[in-house]
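Q: First the structure, then my questions, so here it is.
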Amino acid sequence: MTDRFSHDDETFLLDGAPFRVVSGALHYFRVHPDQWADRIEMGRLMGLNTIETYIPWNAHSKTRGAFDTTGGLDLGRFLDLVSKAGLHAIVRPGPYICAEWDGGGLPAWLLTDPAVRPRSSEPRYFEAVTEYLEAALAVVVPRQIDAGGPVILMQVENEYGAYGDDADYLRALTEVYRRNGVTVPLTTVDQPRDGMLSRGNIPGLLATGSFGSRVGERLSALREHQPAGPLMCSEFWCGWFDHWGGFHHVTDAEESARSLDSLLGAGASVNIYMLHGGTNFGLTNGANDKGVYQPTVTSYDYDAPLDEAGRPTAKFWRFREVISRYEPVPDLPKDVHGKSDFVVPDPSPLHGVGSLDEFAPTEWIAVDGIPTMDDLGIATGFLRYRVPLLGGPEPAMLEFAEVRDRAWISLDGVAVGVLSRAAGDRSIALPHGRGLLEVLVEDEGRVNYGPRIGEPKGLIGPATLGGEEVRGWQVATVPLDALPDTAAGLESTPLPLHAGIIRAEFDVDAPTDLALDTSDLGWGIAWMNGFALGRFRPRGPQRTLYVPAPATRAGRNTVVLFTQEPPRSGLLTFRPSLDLGPVDD
């Protein structure tokens, strides 16, 4: 006999009996898959009865028609582990998820056609969305509660009331869900203010709220919009995310616990955002642009009850105490891990293994105009541009319509400077107007919220030199996927002065979590034994990269760095704890 999940005018119902959802967000795509079970178990020990996750469309579908479920994208295995732990699950497929994730989860290939209107019922967009949902639901539907699985709720879109007002779109999405076998209740989520609830919801979907404070006011607004149905805060914000160049955000554990107590005391259900934030491994971070471009950092610690390494924080203990007043919580085993120091391997020397020219294609491709990364089918990473300048010996001003997002400029092999979108840069003075101009451009993360979702990356033309358009460009890609394996087997060279590849080796006795010190590593990306740890920046705030234990091994380990700005030290070092940077008091 299988259970069924529903709701009446006041509460959720599990097999006809009242049921309060006490959930926590845990994104499988931000956690090493060998650590999923541990993070789920820690949620159970905090008192949760449910685990929630988004599905990132762009991670699963790097090309149209694909839906990768291997390794860290094995959504079915993740949900099965939730079920094995005796917990329920909430799944939020989007198709747009925000989540401070690259592009809000929308694939770059989807939006190369300017006729495609994201998050709408526009036919080209919706056809692709339908294909994606059919593939995602093929994994989730067999794991619904009435089929013996853990899934009790699914969400349609994500905070749509803050973006659009297309009820036909929401109705069409709902039809896709139901047509593909979704039987559990469907929800929406919006901030309960400024008409967002009415724009982001349609009859037949349960409206829920996203907020982290002023609980009574928010629940009243939710009830005013929706007179019948269970009250739920499906994004109870207990922390926040960080941007490069900013502060590390924290929220007071006592204040968060009081808000959670108010929420549960009002009889509402909750999904704590986040239970465990995890890490934007590789190049998966998103960005905001509300007039100023702000890419999100690699850490997604979120000041959550479980820190970036999965260890309980003060919020874990305070939230567990609050939950115990309303719901049963399990006994704690004696070996619940605390915030002990990490192993600190001995410092090891950094060795150069080659310049970018030795890793990138030697054959450049002639192009018309200035293509974007999207024009060339590049979703994330870097693109190289070069062009012979035919001006005179006098200084000249080079200008682009826009740089997305950071460009390193050199002339005849000599570094000239950097153009940063975050700083609003679009032009740079060259010492002369003749010679070979080379530009390395990094996509620092696609905008995940607001009207700039879907914009192309790279250099945005036209480019002018002294007011005259520059023509005759060539481009070359940077093969990031192959870089770690290639670099691991090459002979050592001096450290590169500009963009180049660096390697270091160290030993540990057994696989273990590590905190890689990035404070003197310059600007770049790091891999541990081929596993992409993520970006690092000299401007912080974070000064370490989290290394998950499954990415290490007993004996010799290899770190590979692709740096665009050189290290300030010749040593690779580790720390006993994670350093996410200064806090804004």
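Scheme for the structure tokens: letters A, B, ... for chains in order shown; per-chain residue numbers from 1; ligand numbers from 1 in order shown.
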Can you tell me which residues surround range 87-100 of chain A at a distance of at most 7 Å, considering only C-alpha atoms, apart from same-chain residues fewer than 4 positions away, and format the answer as a ChimeraX atom specification?

A: /A:49-55,57,82-83,104-106,129,150-158,285-287,296,448-449

Q: Please provide the set of residues having any atom within 9 Å of range 553-569 of chain A, restricted to only C-alpha atoms, with same-chain residues fewer than 4 positions apart removed, written as a ChimeraX atom specification.

A: /A:350,356,408,440,480,483-485,487-488,495-512,519-530,549

Q: Smallest atom-to-atom distance to Leu75 in chain A: which of A:Gly103, A:Pro33, A:Pro230, A:Gly472, using only C-alpha atoms?

A: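 Using only C-alpha atoms, the shortest distance to Leu75 in chain A belongs to A:Pro33.
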
Q: For Glu175 in chain A, please output as a list in words all residues within 12 Å (counting only C-alpha atoms; exclusion window: fewer than 3 positions along the same chain).

A: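 Non-adjacent residues within range: Thr130, Leu133, Glu134, Val156, Asp168, Tyr169, Leu170, Arg171, Ala172, Arg178, Arg179, Asn180, Gly181, Val182, Thr183, Leu186, Gly204 and Leu205 of chain A.
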
Q: Store the residues picked out above, limited to C-alpha atoms, as an mmCIF file, in the first residue's frame.

A:
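Written output follows (result05.cif):
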data_model
loop_
_atom_site.group_PDB
_atom_site.id
_atom_site.type_symbol
_atom_site.label_atom_id
_atom_site.label_comp_id
_atom_site.auth_asym_id
_atom_site.auth_seq_id
_atom_site.Cartn_x
_atom_site.Cartn_y
_atom_site.Cartn_z
ATOM 1 C CA THR A 130 8.352 20.960 -22.646
ATOM 2 C CA LEU A 133 10.244 18.888 -18.320
ATOM 3 C CA GLU A 134 9.373 15.600 -19.986
ATOM 4 C CA VAL A 156 5.826 25.327 -11.011
ATOM 5 C CA ASP A 168 -1.342 31.414 -19.871
ATOM 6 C CA TYR A 169 2.307 30.450 -19.373
ATOM 7 C CA LEU A 170 1.664 29.148 -15.868
ATOM 8 C CA ARG A 171 -1.401 27.238 -17.048
ATOM 9 C CA ALA A 172 0.564 25.674 -19.898
ATOM 10 C CA ARG A 178 -0.084 16.893 -15.135
ATOM 11 C CA ARG A 179 0.131 15.380 -18.613
ATOM 12 C CA ASN A 180 3.419 13.740 -17.640
ATOM 13 C CA GLY A 181 2.046 12.040 -14.567
ATOM 14 C CA VAL A 182 2.489 14.495 -11.696
ATOM 15 C CA THR A 183 -0.117 13.628 -9.077
ATOM 16 C CA LEU A 186 1.751 21.720 -7.302
ATOM 17 C CA GLY A 204 -5.312 25.216 -8.851
ATOM 18 C CA LEU A 205 -1.769 25.886 -7.632
#

Q: A:Leu222, A:Phe382, A:Ser6, A:Arg535: which is nearest Ala360 in chain A, counting only C-alpha atoms?

A: A:Phe382

Q: Counting only C-alpha atoms, what is within 10 Å of Glu438 in chain A, bar same-chain residues fewer than 3 positions away, as number ranges by chain?

A: A: 384-388, 407-416, 435, 441, 473-475

Q: Would you pick out the contacts of Asp341 in chain A at 10 Å or less, using only C-alpha atoms, so that residues sharing its chain but fewer than 3 positions from it are not included, and give the list as a short mmCIF file (atom, residue, chain, number, x, y, z; two decimals) with N, CA and C atoms, in the first residue's frame?

A:
data_model
loop_
_atom_site.label_atom_id
_atom_site.label_comp_id
_atom_site.auth_asym_id
_atom_site.auth_seq_id
_atom_site.Cartn_x
_atom_site.Cartn_y
_atom_site.Cartn_z
N GLY A 338 31.33 17.87 14.53
CA GLY A 338 31.31 19.29 14.82
C GLY A 338 32.27 20.05 13.94
N VAL A 344 45.90 19.98 7.63
CA VAL A 344 46.67 21.02 6.94
C VAL A 344 47.94 20.39 6.36
N ASP A 513 38.53 16.30 3.91
CA ASP A 513 38.17 17.67 3.57
C ASP A 513 39.37 18.59 3.79
N LEU A 514 39.50 19.58 2.89
CA LEU A 514 40.60 20.53 3.00
C LEU A 514 40.09 21.94 2.74
N ALA A 515 40.83 22.91 3.25
CA ALA A 515 40.57 24.32 2.96
C ALA A 515 41.78 24.87 2.22
N ARG A 575 44.60 25.76 4.98
CA ARG A 575 44.27 26.33 6.28
C ARG A 575 43.51 25.32 7.12
N PRO A 576 43.47 25.53 8.43
CA PRO A 576 42.72 24.61 9.29
C PRO A 576 41.22 24.84 9.28
N SER A 577 40.77 25.94 8.66
CA SER A 577 39.34 26.24 8.60
C SER A 577 39.04 27.05 7.36
N LEU A 578 37.78 27.08 6.98
CA LEU A 578 37.35 27.86 5.83
C LEU A 578 37.31 29.34 6.20
#

Q: Between A:Arg320, A:Arg143, A:Arg421, A:His27, single out the one closest to Leu48 in chain A, counting only C-alpha atoms.

A: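 Closest to Leu48 in chain A, using only C-alpha atoms: A:Arg320.
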